[in-house]
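Data file: structure-v2.cif. Format and content: mmCIF, C-alpha atoms.
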data_query
#
loop_
_atom_site.label_atom_id
_atom_site.label_comp_id
_atom_site.auth_asym_id
_atom_site.auth_seq_id
_atom_site.Cartn_x
_atom_site.Cartn_y
_atom_site.Cartn_z
CA MET A 8 4.06 7.08 -27.48
CA ALA A 9 7.05 9.33 -27.01
CA SER A 10 8.36 12.28 -25.06
CA LEU A 11 8.22 15.75 -26.63
CA THR A 12 10.91 18.43 -26.28
CA ILE A 13 10.59 21.99 -27.57
CA ASP A 14 13.96 23.73 -27.41
CA ASN A 15 14.32 27.52 -27.74
CA LEU A 16 11.62 27.64 -30.41
CA HIS A 17 11.14 30.86 -32.39
CA LYS A 18 8.60 31.52 -35.12
CA SER A 19 8.41 34.73 -37.13
CA TYR A 20 6.38 35.95 -40.06
CA GLY A 21 8.71 38.51 -41.59
CA ALA A 22 9.48 41.04 -38.87
CA THR A 23 6.57 39.83 -36.70
CA LYS A 24 7.69 37.49 -33.92
CA VAL A 25 4.92 35.05 -33.01
CA LEU A 26 6.82 32.61 -30.77
CA LYS A 27 9.74 33.85 -28.70
CA GLY A 28 12.10 31.24 -27.31
CA ILE A 29 9.69 28.54 -26.10
CA ASN A 30 11.20 25.76 -23.94
CA ILE A 31 8.93 22.87 -22.95
CA GLU A 32 9.51 19.20 -22.18
CA ILE A 33 6.74 16.66 -21.65
CA GLU A 34 7.37 13.07 -20.61
CA ASP A 35 6.32 9.95 -22.49
CA GLY A 36 2.59 9.52 -21.85
CA GLY A 37 2.16 13.07 -20.52
CA PHE A 38 -0.77 15.39 -21.21
CA LEU A 39 0.49 18.87 -22.11
CA VAL A 40 -2.07 21.68 -22.36
CA LEU A 41 -1.14 24.92 -24.12
CA VAL A 42 -3.33 27.68 -22.74
CA GLY A 43 -3.58 31.42 -23.14
CA PRO A 44 -5.77 34.20 -24.56
CA SER A 45 -6.58 34.51 -28.26
CA GLY A 46 -3.54 35.44 -30.32
CA CYS A 47 -0.98 34.25 -27.77
CA GLY A 48 0.62 31.74 -30.17
CA LYS A 49 -0.69 28.43 -28.80
CA SER A 50 -2.18 27.19 -32.11
CA THR A 51 0.94 28.31 -33.98
CA LEU A 52 3.05 26.31 -31.53
CA LEU A 53 0.85 23.25 -32.08
CA ASN A 54 1.17 23.68 -35.84
CA THR A 55 4.97 23.77 -35.61
CA ILE A 56 4.87 20.47 -33.70
CA ALA A 57 2.62 19.04 -36.42
CA GLY A 58 4.87 20.34 -39.18
CA LEU A 59 2.14 22.56 -40.62
CA GLU A 60 4.32 25.60 -39.87
CA GLU A 61 8.07 25.83 -40.36
CA ILE A 62 10.09 27.01 -37.37
CA THR A 63 12.40 30.01 -37.61
CA GLU A 64 14.87 28.89 -34.95
CA GLY A 65 15.23 26.16 -32.34
CA ASP A 66 14.33 22.48 -32.38
CA ILE A 67 11.45 20.05 -31.80
CA ARG A 68 12.22 16.47 -30.73
CA ILE A 69 9.75 13.59 -30.56
CA GLY A 70 11.12 10.60 -28.69
CA GLY A 71 14.54 12.23 -28.67
CA THR A 72 14.65 12.53 -32.48
CA SER A 73 14.59 15.95 -34.13
CA VAL A 74 11.60 16.47 -36.43
CA ALA A 75 12.46 20.06 -37.44
CA GLY A 76 12.07 20.26 -41.20
CA LEU A 77 10.34 16.88 -41.49
CA HIS A 78 7.13 16.66 -43.52
CA PRO A 79 4.02 16.16 -41.31
CA SER A 80 3.53 12.65 -42.71
CA LYS A 81 6.98 11.66 -41.41
CA ARG A 82 6.46 12.84 -37.82
CA ASP A 83 4.21 9.99 -36.60
CA ILE A 84 1.63 12.37 -35.11
CA ALA A 85 -2.17 12.53 -35.38
CA MET A 86 -4.22 15.70 -35.10
CA VAL A 87 -7.81 16.43 -34.04
CA PHE A 88 -9.03 19.82 -35.22
CA GLN A 89 -11.59 22.28 -33.90
CA SER A 90 -13.76 21.50 -36.94
CA TYR A 91 -14.56 17.81 -37.21
CA ALA A 92 -13.50 17.66 -40.91
CA LEU A 93 -15.48 14.49 -41.61
CA TYR A 94 -16.33 13.34 -45.13
CA PRO A 95 -20.12 13.78 -45.38
CA ASN A 96 -20.63 11.05 -48.01
CA MET A 97 -18.82 8.39 -45.96
CA THR A 98 -20.05 6.35 -43.02
CA VAL A 99 -18.41 6.63 -39.62
CA ALA A 100 -16.43 3.43 -40.27
CA GLN A 101 -15.25 4.74 -43.65
CA ASN A 102 -14.22 8.07 -42.11
CA ILE A 103 -12.19 6.30 -39.46
CA SER A 104 -10.47 3.94 -41.89
CA PHE A 105 -9.95 6.32 -44.82
CA GLY A 106 -6.35 7.17 -43.89
CA MET A 107 -5.49 3.48 -43.64
CA GLU A 108 -7.01 2.85 -47.07
CA ILE A 109 -4.83 5.60 -48.53
CA ARG A 110 -1.80 3.88 -46.99
CA LYS A 111 -3.01 0.59 -48.57
CA ILE A 112 -3.42 -1.25 -45.28
CA ASP A 113 -5.25 -4.56 -45.82
CA LYS A 114 -8.95 -4.87 -45.00
CA PRO A 115 -8.70 -7.27 -42.00
CA THR A 116 -6.22 -4.91 -40.30
CA ARG A 117 -8.49 -1.93 -41.02
CA GLU A 118 -11.54 -3.68 -39.63
CA ALA A 119 -9.67 -4.73 -36.48
CA ALA A 120 -8.50 -1.13 -35.96
CA ILE A 121 -12.04 0.24 -36.48
CA LYS A 122 -13.40 -2.23 -33.92
CA ARG A 123 -10.67 -1.32 -31.43
CA VAL A 124 -11.22 2.46 -31.52
CA ALA A 125 -15.03 2.08 -31.71
CA ASP A 126 -14.87 0.06 -28.50
CA VAL A 127 -12.59 2.61 -26.80
CA LEU A 128 -14.81 5.55 -27.82
CA GLN A 129 -18.10 3.63 -27.38
CA ILE A 130 -19.32 4.39 -30.91
CA GLU A 131 -19.95 0.81 -32.13
CA GLU A 132 -23.60 1.57 -32.88
CA LEU A 133 -22.64 4.60 -35.01
CA LEU A 134 -20.33 2.89 -37.48
CA LYS A 135 -22.90 2.68 -40.31
CA ARG A 136 -24.22 6.22 -39.92
CA LYS A 137 -23.27 9.31 -41.94
CA PRO A 138 -21.93 12.46 -40.18
CA SER A 139 -25.24 14.28 -40.82
CA GLN A 140 -26.94 11.72 -38.55
CA LEU A 141 -24.63 12.43 -35.61
CA SER A 142 -24.70 14.94 -32.76
CA GLY A 143 -21.78 17.32 -32.20
CA GLY A 144 -20.33 15.12 -29.47
CA GLN A 145 -20.62 12.01 -31.62
CA ARG A 146 -18.88 13.75 -34.52
CA GLN A 147 -16.04 14.75 -32.24
CA ARG A 148 -15.66 11.15 -31.09
CA VAL A 149 -15.44 10.04 -34.72
CA ALA A 150 -12.78 12.69 -35.38
CA MET A 151 -10.87 11.36 -32.37
CA GLY A 152 -11.31 7.81 -33.65
CA ARG A 153 -9.75 8.76 -36.97
CA ALA A 154 -6.68 9.97 -35.05
CA LEU A 155 -6.58 7.02 -32.63
CA VAL A 156 -6.61 4.44 -35.37
CA ARG A 157 -3.19 5.72 -36.45
CA ASP A 158 -1.59 4.72 -33.10
CA PRO A 159 0.92 7.60 -33.41
CA GLN A 160 3.65 8.70 -31.00
CA VAL A 161 1.92 12.01 -30.18
CA PHE A 162 -1.70 13.19 -30.43
CA LEU A 163 -2.37 16.87 -31.12
CA PHE A 164 -5.74 18.43 -30.20
CA ASP A 165 -6.54 21.94 -31.46
CA GLU A 166 -9.44 23.30 -29.34
CA PRO A 167 -11.50 20.15 -30.05
CA LEU A 168 -14.40 21.08 -27.75
CA SER A 169 -14.92 24.73 -28.64
CA ASN A 170 -17.88 24.00 -30.96
CA LEU A 171 -19.81 22.07 -28.31
CA ASP A 172 -22.38 23.38 -25.83
CA ALA A 173 -21.45 23.74 -22.16
CA LYS A 174 -22.76 20.38 -20.89
CA LEU A 175 -21.34 18.44 -23.83
CA ARG A 176 -17.97 20.12 -23.31
CA VAL A 177 -17.88 18.77 -19.75
CA ASP A 178 -18.92 15.28 -20.91
CA MET A 179 -16.31 15.20 -23.69
CA ARG A 180 -13.65 16.54 -21.34
CA THR A 181 -14.30 13.53 -19.13
CA GLU A 182 -14.11 11.22 -22.16
CA ILE A 183 -10.74 12.65 -23.20
CA LYS A 184 -9.44 12.29 -19.63
CA ARG A 185 -10.66 8.70 -19.51
CA LEU A 186 -9.10 8.01 -22.92
CA HIS A 187 -5.71 9.29 -21.74
CA GLN A 188 -5.84 7.25 -18.54
CA ARG A 189 -6.77 4.14 -20.51
CA MET A 190 -4.25 4.42 -23.33
CA GLY A 191 -1.37 6.33 -21.73
CA THR A 192 -0.95 8.38 -24.90
CA THR A 193 1.23 11.48 -25.18
CA ILE A 194 -1.11 14.39 -25.88
CA VAL A 195 -0.61 18.07 -26.69
CA TYR A 196 -3.88 19.95 -26.30
CA VAL A 197 -4.64 23.59 -27.17
CA THR A 198 -7.42 25.50 -25.41
CA HIS A 199 -8.30 29.01 -24.27
CA ASP A 200 -10.43 27.50 -21.48
CA GLN A 201 -8.35 27.40 -18.32
CA ILE A 202 -10.78 25.01 -16.58
CA GLU A 203 -10.13 22.49 -19.38
CA ALA A 204 -6.42 23.05 -18.85
CA LEU A 205 -6.56 22.44 -15.09
CA THR A 206 -8.74 19.34 -15.31
CA LEU A 207 -7.00 17.57 -18.21
CA ALA A 208 -3.29 18.35 -17.98
CA THR A 209 -0.36 16.68 -16.33
CA LYS A 210 1.61 19.81 -17.35
CA ILE A 211 0.36 23.25 -18.41
CA ALA A 212 2.18 25.85 -20.50
CA VAL A 213 0.69 29.34 -20.11
CA LEU A 214 1.42 31.60 -23.09
CA LYS A 215 1.03 35.34 -23.55
CA ALA A 216 2.04 37.30 -26.68
CA GLY A 217 4.25 34.45 -27.90
CA GLU A 218 6.17 34.08 -24.63
CA LEU A 219 5.99 31.20 -22.17
CA GLN A 220 4.85 32.70 -18.86
CA GLN A 221 4.92 29.55 -16.74
CA PHE A 222 5.27 25.81 -17.23
CA GLY A 223 4.32 23.37 -14.50
CA THR A 224 1.73 21.01 -13.03
CA PRO A 225 -1.87 22.23 -12.63
CA ASP A 226 -1.26 22.59 -8.88
CA GLU A 227 1.86 24.71 -9.45
CA ILE A 228 0.13 26.93 -12.00
CA TYR A 229 -2.95 27.46 -9.82
CA ASN A 230 -1.45 27.72 -6.34
CA ASP A 231 2.02 29.06 -7.13
CA PRO A 232 1.62 31.53 -10.04
CA ILE A 233 4.84 33.16 -11.17
CA ASN A 234 3.32 36.51 -12.13
CA MET A 235 0.08 38.50 -12.11
CA PHE A 236 -0.94 37.37 -15.59
CA VAL A 237 -0.89 33.69 -14.64
CA ALA A 238 -2.60 34.45 -11.31
CA GLU A 239 -5.49 36.25 -13.01
CA PHE A 240 -5.79 34.05 -16.10
CA MET A 241 -5.94 30.67 -14.33
CA GLY A 242 -8.99 30.00 -12.23
CA SER A 243 -12.69 30.83 -12.42
CA PRO A 244 -13.45 33.18 -10.76
CA SER A 245 -9.92 34.53 -11.12
CA MET A 246 -7.58 35.39 -8.26
CA ASN A 247 -8.34 38.60 -6.37
CA LEU A 248 -5.45 41.09 -6.66
CA LEU A 249 -5.63 43.82 -4.04
CA ASP A 250 -3.36 46.78 -3.29
CA CYS A 251 -2.03 46.67 0.26
CA ASP A 252 0.56 48.69 2.18
CA VAL A 253 3.32 46.72 3.92
CA THR A 254 4.02 48.04 7.42
CA ASN A 255 6.14 46.91 10.34
CA GLU A 256 4.06 47.03 13.52
CA ASP A 257 5.53 44.40 15.84
CA GLY A 258 5.92 42.26 12.74
CA LEU A 259 4.98 42.68 9.11
CA MET A 260 1.39 43.74 8.55
CA LEU A 261 -0.72 44.34 5.45
CA ARG A 262 -3.06 47.33 5.48
CA LEU A 263 -5.81 47.67 2.89
CA ALA A 264 -7.07 51.25 3.23
CA GLY A 265 -10.84 51.40 3.08
CA GLY A 266 -11.74 55.01 2.46
CA GLN A 267 -15.48 55.03 3.18
CA TYR A 268 -15.24 51.35 4.23
CA PRO A 269 -13.31 49.95 7.21
CA ASP A 270 -9.58 49.42 6.79
CA VAL A 271 -8.60 45.75 6.69
CA VAL A 272 -5.35 44.90 8.51
CA LEU A 273 -3.89 41.42 8.12
CA PRO A 274 -0.73 39.82 9.52
CA ALA A 275 1.69 38.99 6.72
CA PRO A 276 2.39 35.28 6.18
CA ASP A 277 5.93 33.95 5.95
CA CYS A 278 7.44 35.59 2.87
CA ASP A 279 11.06 36.72 3.14
CA GLY A 280 10.78 39.04 0.15
CA LEU A 281 8.02 41.16 1.74
CA ALA A 282 10.50 42.72 4.18
CA ARG A 283 12.02 44.65 1.25
CA TYR A 284 8.66 46.36 0.65
CA VAL A 285 8.06 47.93 4.08
CA GLY A 286 6.56 51.37 3.43
CA GLN A 287 5.54 50.37 -0.12
CA THR A 288 2.42 49.03 -1.80
CA VAL A 289 2.27 45.47 -3.13
CA LYS A 290 -0.42 43.32 -4.72
CA LEU A 291 -1.99 40.77 -2.40
CA GLY A 292 -3.31 37.75 -4.32
CA VAL A 293 -6.01 35.60 -2.73
CA ARG A 294 -8.19 33.01 -4.44
CA PRO A 295 -11.98 33.25 -3.89
CA GLU A 296 -12.00 29.93 -1.98
CA ALA A 297 -9.41 31.36 0.44
CA LEU A 298 -11.82 34.20 1.27
CA THR A 299 -14.94 32.75 2.81
CA ASP A 300 -17.41 32.80 5.69
CA PRO A 301 -15.76 31.96 9.04
CA GLU A 302 -17.70 28.69 9.48
CA GLY A 303 -16.55 27.50 6.06
CA ALA A 304 -12.86 28.33 6.53
CA ASN A 305 -10.21 25.61 6.36
CA ARG A 306 -9.35 25.03 10.01
CA SER A 307 -6.44 22.72 9.20
CA THR A 308 -4.24 25.84 9.08
CA ASP A 309 -3.54 28.34 11.87
CA ARG A 310 -3.34 31.20 9.36
CA ILE A 311 -7.07 32.01 9.27
CA VAL A 312 -7.68 35.71 9.94
CA GLU A 313 -11.12 37.31 10.18
CA ALA A 314 -11.93 40.89 9.16
CA MET A 315 -15.09 42.94 8.75
CA CYS A 316 -15.91 43.54 5.08
CA TYR A 317 -18.79 45.31 3.34
CA ILE A 318 -20.88 42.94 1.20
CA ASP A 319 -21.97 44.55 -2.04
CA VAL A 320 -23.57 41.72 -4.06
CA VAL A 321 -24.56 38.14 -3.20
CA GLU A 322 -24.75 35.53 -6.00
CA PRO A 323 -26.18 32.10 -5.08
CA ALA A 324 -24.67 29.43 -7.38
CA GLY A 325 -26.12 26.15 -6.16
CA SER A 326 -23.24 24.38 -4.43
CA ASP A 327 -21.60 27.71 -3.48
CA THR A 328 -22.53 31.30 -2.80
CA PHE A 329 -20.33 34.02 -4.28
CA ALA A 330 -20.16 37.47 -2.77
CA VAL A 331 -18.67 40.68 -4.09
CA ALA A 332 -17.05 42.22 -1.02
CA LYS A 333 -15.23 45.47 -0.35
CA ILE A 334 -11.82 44.55 1.03
CA GLY A 335 -10.61 47.94 2.08
CA ALA A 336 -11.51 50.08 -0.93
CA PHE A 337 -11.21 47.21 -3.42
CA GLU A 338 -13.68 44.68 -4.74
CA ALA A 339 -12.99 40.98 -4.26
CA ILE A 340 -14.90 37.78 -4.94
CA ALA A 341 -15.47 35.55 -1.90
CA ARG A 342 -16.57 31.93 -2.21
CA LEU A 343 -18.89 30.95 0.63
CA ARG A 344 -20.86 27.88 1.65
CA ALA A 345 -24.20 27.48 -0.12
CA ASP A 346 -26.10 28.06 3.13
CA ALA A 347 -23.92 30.91 4.42
CA GLN A 348 -26.04 33.59 6.09
CA ILE A 349 -24.96 36.74 4.30
CA THR A 350 -26.86 39.87 3.31
CA PRO A 351 -25.84 42.53 0.79
CA GLY A 352 -25.39 46.05 2.15
CA GLU A 353 -24.02 44.91 5.52
CA LEU A 354 -20.64 44.60 7.21
CA THR A 355 -19.89 40.89 7.60
CA PRO A 356 -16.91 38.97 8.97
CA LEU A 357 -14.96 37.12 6.28
CA ALA A 358 -12.16 34.63 6.87
CA PHE A 359 -8.85 35.04 4.99
CA ASN A 360 -6.72 31.91 4.62
CA MET A 361 -3.35 33.67 4.70
CA SER A 362 -1.48 30.40 4.12
CA LYS A 363 -2.78 30.66 0.53
CA ALA A 364 -1.90 34.35 0.05
CA VAL A 365 0.66 35.33 -2.59
CA PHE A 366 2.28 38.69 -3.36
CA PHE A 367 3.37 40.53 -6.50
CA ASP A 368 5.47 43.58 -7.26
CA PRO A 369 3.00 46.03 -8.91
CA ALA A 370 5.74 47.50 -11.13
CA THR A 371 7.22 44.29 -12.54
CA GLN A 372 4.08 42.14 -11.95
CA GLN A 373 6.43 39.35 -10.81
CA ARG A 374 5.93 37.19 -7.74
CA ILE A 375 7.49 38.30 -4.45
CA ARG A 376 9.04 35.34 -2.63
#
What do you get writing this file as structure tokens?
Amino acid sequence: MASLTIDNLHKSYGATKVLKGINIEIEDGGFLVLVGPSGCGKSTLLNTIAGLEEITEGDIRIGGTSVAGLHPSKRDIAMVFQSYALYPNMTVAQNISFGMEIRKIDKPTREAAIKRVADVLQIEELLKRKPSQLSGGQRQRVAMGRALVRDPQVFLFDEPLSNLDAKLRVDMRTEIKRLHQRMGTTIVYVTHDQIEALTLATKIAVLKAGELQQFGTPDEIYNDPINMFVAEFMGSPSMNLLDCDVTNEDGLMLRLAGGQYPDVVLPAPDCDGLARYVGQTVKLGVRPEALTDPEGANRSTDRIVEAMCYIDVVEPAGSDTFAVAKIGAFEAIARLRADAQITPGELTPLAFNMSKAVFFDPATQQRIR
């Protein structure tokens, strides 16, 4: 295991800049998730860490030692790819131990390593099978076993669950989390699935168009987004972003003009930067769980404000009920209790948890603090 430092990393293909000054540091035993939309540069960044891509500028350090320019075989890393890349004519045990055979490691050591990773991944009964006899989840475990047997300083995962169905993804996500807790390994994990990012990571790096948008803990990324892109990208359903006018009426107020629907007027929470926007329009950000039925609101805060909102669509979802509501003239997703009494086509009181509200400048898309 080792820490990983990425220092002012740039990667270009000719005149095309793919990575633009990335700075990330993850501690020994940390779980770093690189997340972002397709084409944002996350897989390219992973490949530069692995040594599969040369960097244009900057440095990469593993355990404090620069690996820039080192061949992948010299970096003491192991990689699990999106495709399982198993040898079809070999058994599971042979697939796991093949790399050790190439390195001429003796048979007793190989067998001990196979037994160790098979026990960790709970695949002992699969060791004599061929890949064609395995399910998708079992194949992914074997691919992970092939990496684990190396006992490297850093593990690299490149969208390892993207080929699995929804339930298996959740199961394997739990297995990877359990594996990290058990072994304390340093992991860098690429995904476009922000739920995977939030559940697995100790630190998340959100990328967009080759630029690092925000780097922090899952709680910081989710509850304290630095800009509108991070606010919308992280979370499912995503954060509601609503235009509101900042007024000063015996204190700062937020007015969401309704047009054919009732205006919604909310007291502004403590935010020193909002005072600069009196008479202007800002973006109010509120997560669906902070917009709910009054009975389901978090009463541990004194910042709960109720307002009448028009309910357009109601979507029961088992443990929750989601509603598409008109907040002023804008649509927002509210997350309600499963048994909330709510009817589409009616005005209904909704509770805003203003202690969770955040604000953005609509021109710069940056957070107002």
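Contact shell of A:Val42 at 9 Å (all atoms listed in the file; same-chain neighbours under 2 positions omitted): A:Val40, A:Pro44, A:Cys47, A:Lys49, A:Tyr196, A:Val197, A:Thr198, A:His199, A:Asp200, A:Gln201, A:Ala204, A:Ile211, A:Ala212, A:Val213, A:Leu214, A:Lys215.
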What residues come out when you apply the PyMOL selection byres ((chain A and resi 19) around 12) to this file, written as a PDB file with C-alpha atoms, in the coordinates of the input?
ATOM      1  CA  LEU A  16      11.620  27.640 -30.410  1.00  0.00           C
ATOM      2  CA  HIS A  17      11.140  30.860 -32.390  1.00  0.00           C
ATOM      3  CA  LYS A  18       8.600  31.520 -35.120  1.00  0.00           C
ATOM      4  CA  TYR A  20       6.380  35.950 -40.060  1.00  0.00           C
ATOM      5  CA  GLY A  21       8.710  38.510 -41.590  1.00  0.00           C
ATOM      6  CA  ALA A  22       9.480  41.040 -38.870  1.00  0.00           C
ATOM      7  CA  THR A  23       6.570  39.830 -36.700  1.00  0.00           C
ATOM      8  CA  LYS A  24       7.690  37.490 -33.920  1.00  0.00           C
ATOM      9  CA  VAL A  25       4.920  35.050 -33.010  1.00  0.00           C
ATOM     10  CA  LEU A  26       6.820  32.610 -30.770  1.00  0.00           C
ATOM     11  CA  LYS A  27       9.740  33.850 -28.700  1.00  0.00           C
ATOM     12  CA  GLY A  28      12.100  31.240 -27.310  1.00  0.00           C
ATOM     13  CA  GLY A  48       0.620  31.740 -30.170  1.00  0.00           C
ATOM     14  CA  THR A  51       0.940  28.310 -33.980  1.00  0.00           C
ATOM     15  CA  LEU A  52       3.050  26.310 -31.530  1.00  0.00           C
ATOM     16  CA  THR A  55       4.970  23.770 -35.610  1.00  0.00           C
ATOM     17  CA  GLU A  60       4.320  25.600 -39.870  1.00  0.00           C
ATOM     18  CA  GLU A  61       8.070  25.830 -40.360  1.00  0.00           C
ATOM     19  CA  ILE A  62      10.090  27.010 -37.370  1.00  0.00           C
ATOM     20  CA  THR A  63      12.400  30.010 -37.610  1.00  0.00           C
ATOM     21  CA  GLU A  64      14.870  28.890 -34.950  1.00  0.00           C
ATOM     22  CA  GLY A  65      15.230  26.160 -32.340  1.00  0.00           C
ATOM     23  CA  GLY A 217       4.250  34.450 -27.900  1.00  0.00           C
TER      24      GLY A 217
END
Between atom CA of A:Gly152 and atom CA of A:Thr12, what distance in Å does the model show, to one decimal?
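So the answer is 25.7 Å.
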Run the PyMOL selection byres ((chain A and resi 176-193) around 10) on the file and write out the hits as a PyMOL selection string.
chain A and resi 8-11+33-39+84+127-128+144-145+147-148+151+155+158-163+167-175+194-196+202-203+206-208
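From atom CA of A:Val365 back to atom CA of A:Glu227, the distance works out to 12.7 Å.
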Mind telling me what the PyMOL selection byres ((chain A and resi 272) around 6) catches here, as a short mmCIF file (atom, residue, chain, number, x, y, z; two decimals) with C-alpha atoms, in the coordinates of the input?
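As a result, part.cif now contains:
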data_model
loop_
_atom_site.label_atom_id
_atom_site.label_comp_id
_atom_site.auth_asym_id
_atom_site.auth_seq_id
_atom_site.Cartn_x
_atom_site.Cartn_y
_atom_site.Cartn_z
CA LEU A 261 -0.72 44.34 5.45
CA ARG A 262 -3.06 47.33 5.48
CA VAL A 271 -8.60 45.75 6.69
CA LEU A 273 -3.89 41.42 8.12
#
Go ahead and compute the interatomic distance for atom CA of A:Arg157 and atom CA of A:Met107, in Å to one decimal.
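It comes out at 7.9 Å.
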Show which residues sit within 12 Å of A:Ala275, as number ranges by chain. Count all atoms listed in the file, and ignore same-chain residues fewer than 3 positions away.
A: 251-262, 272, 278-282, 284-285, 289, 291, 310-312, 359-366
Using C-alpha atoms, can you write the selected residues to a file as an mmCIF file, in the frame of the given file?
data_model
loop_
_atom_site.group_PDB
_atom_site.id
_atom_site.type_symbol
_atom_site.label_atom_id
_atom_site.label_comp_id
_atom_site.auth_asym_id
_atom_site.auth_seq_id
_atom_site.Cartn_x
_atom_site.Cartn_y
_atom_site.Cartn_z
ATOM 1 C CA CYS A 251 -2.030 46.670 0.260
ATOM 2 C CA ASP A 252 0.560 48.690 2.180
ATOM 3 C CA VAL A 253 3.320 46.720 3.920
ATOM 4 C CA THR A 254 4.020 48.040 7.420
ATOM 5 C CA ASN A 255 6.140 46.910 10.340
ATOM 6 C CA GLU A 256 4.060 47.030 13.520
ATOM 7 C CA ASP A 257 5.530 44.400 15.840
ATOM 8 C CA GLY A 258 5.920 42.260 12.740
ATOM 9 C CA LEU A 259 4.980 42.680 9.110
ATOM 10 C CA MET A 260 1.390 43.740 8.550
ATOM 11 C CA LEU A 261 -0.720 44.340 5.450
ATOM 12 C CA ARG A 262 -3.060 47.330 5.480
ATOM 13 C CA VAL A 272 -5.350 44.900 8.510
ATOM 14 C CA CYS A 278 7.440 35.590 2.870
ATOM 15 C CA ASP A 279 11.060 36.720 3.140
ATOM 16 C CA GLY A 280 10.780 39.040 0.150
ATOM 17 C CA LEU A 281 8.020 41.160 1.740
ATOM 18 C CA ALA A 282 10.500 42.720 4.180
ATOM 19 C CA TYR A 284 8.660 46.360 0.650
ATOM 20 C CA VAL A 285 8.060 47.930 4.080
ATOM 21 C CA VAL A 289 2.270 45.470 -3.130
ATOM 22 C CA LEU A 291 -1.990 40.770 -2.400
ATOM 23 C CA ARG A 310 -3.340 31.200 9.360
ATOM 24 C CA ILE A 311 -7.070 32.010 9.270
ATOM 25 C CA VAL A 312 -7.680 35.710 9.940
ATOM 26 C CA PHE A 359 -8.850 35.040 4.990
ATOM 27 C CA ASN A 360 -6.720 31.910 4.620
ATOM 28 C CA MET A 361 -3.350 33.670 4.700
ATOM 29 C CA SER A 362 -1.480 30.400 4.120
ATOM 30 C CA LYS A 363 -2.780 30.660 0.530
ATOM 31 C CA ALA A 364 -1.900 34.350 0.050
ATOM 32 C CA VAL A 365 0.660 35.330 -2.590
ATOM 33 C CA PHE A 366 2.280 38.690 -3.360
#
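Restricting the calculation to all atoms listed in the file, the smallest distance between A:Pro295 and any of A:Ile340, A:Ile69, A:Cys316, A:Ala264 is found for A:Ile340.
When all atoms listed in the file are used to measure the gap to A:Leu357, the shortest distance among A:Thr209, A:Thr299, A:Thr328, A:Ser307 belongs to A:Thr299.
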Which of A:Lys210, A:Lys333, A:Arg283, A:Arg306 sits closest to A:Asp270 [using only C-alpha atoms]
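Nearest candidate to A:Asp270 out of A:Lys210, A:Lys333, A:Arg283, A:Arg306: A:Lys333.
Minimum atom-to-atom distances from A:Ala216, A:Ala358, A:Val321, A:Val149 to A:Ala100 were compared using only C-alpha atoms, and the lowest value belongs to A:Val149.
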For stretch 243-246 of chain A, work out the shell of residues within 6 Å, counting all atoms listed in the file and skipping chain neighbours fewer than 5 positions away, then give it as number ranges by chain.
A: 238, 293-294
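Of the listed residues (A:Glu353, A:Asp113, A:Asp226, A:Glu108), A:Glu353 comes nearest to A:Tyr317; the distances count only C-alpha atoms.
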For A:Leu205, the closest of A:Met235, A:Ile31, A:Ala341, A:Leu41 counting only C-alpha atoms is A:Leu41
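Summary of the local environment: counting only C-alpha atoms, residues at most 9 Å from A:Asn234, other than itself and those fewer than 2 positions away along its chain, are Gln220, Gln221, Pro232, Phe236, Val237, Ala238, Glu239, Phe367, Asp368, Thr371, Gln372, Gln373, Arg374 and Ile375 of chain A.
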For the residues in the current selection, export C-alpha atoms as a compact mmCIF listing (two decimals), keeping the file's coordinate frame.
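Final output, saved to out-v8.txt:
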# COMPACT_ATOMS: atom_id res chain seq x y z
CA GLN A 220 4.85 32.70 -18.86
CA GLN A 221 4.92 29.55 -16.74
CA PRO A 232 1.62 31.53 -10.04
CA PHE A 236 -0.94 37.37 -15.59
CA VAL A 237 -0.89 33.69 -14.64
CA ALA A 238 -2.60 34.45 -11.31
CA GLU A 239 -5.49 36.25 -13.01
CA PHE A 367 3.37 40.53 -6.50
CA ASP A 368 5.47 43.58 -7.26
CA THR A 371 7.22 44.29 -12.54
CA GLN A 372 4.08 42.14 -11.95
CA GLN A 373 6.43 39.35 -10.81
CA ARG A 374 5.93 37.19 -7.74
CA ILE A 375 7.49 38.30 -4.45
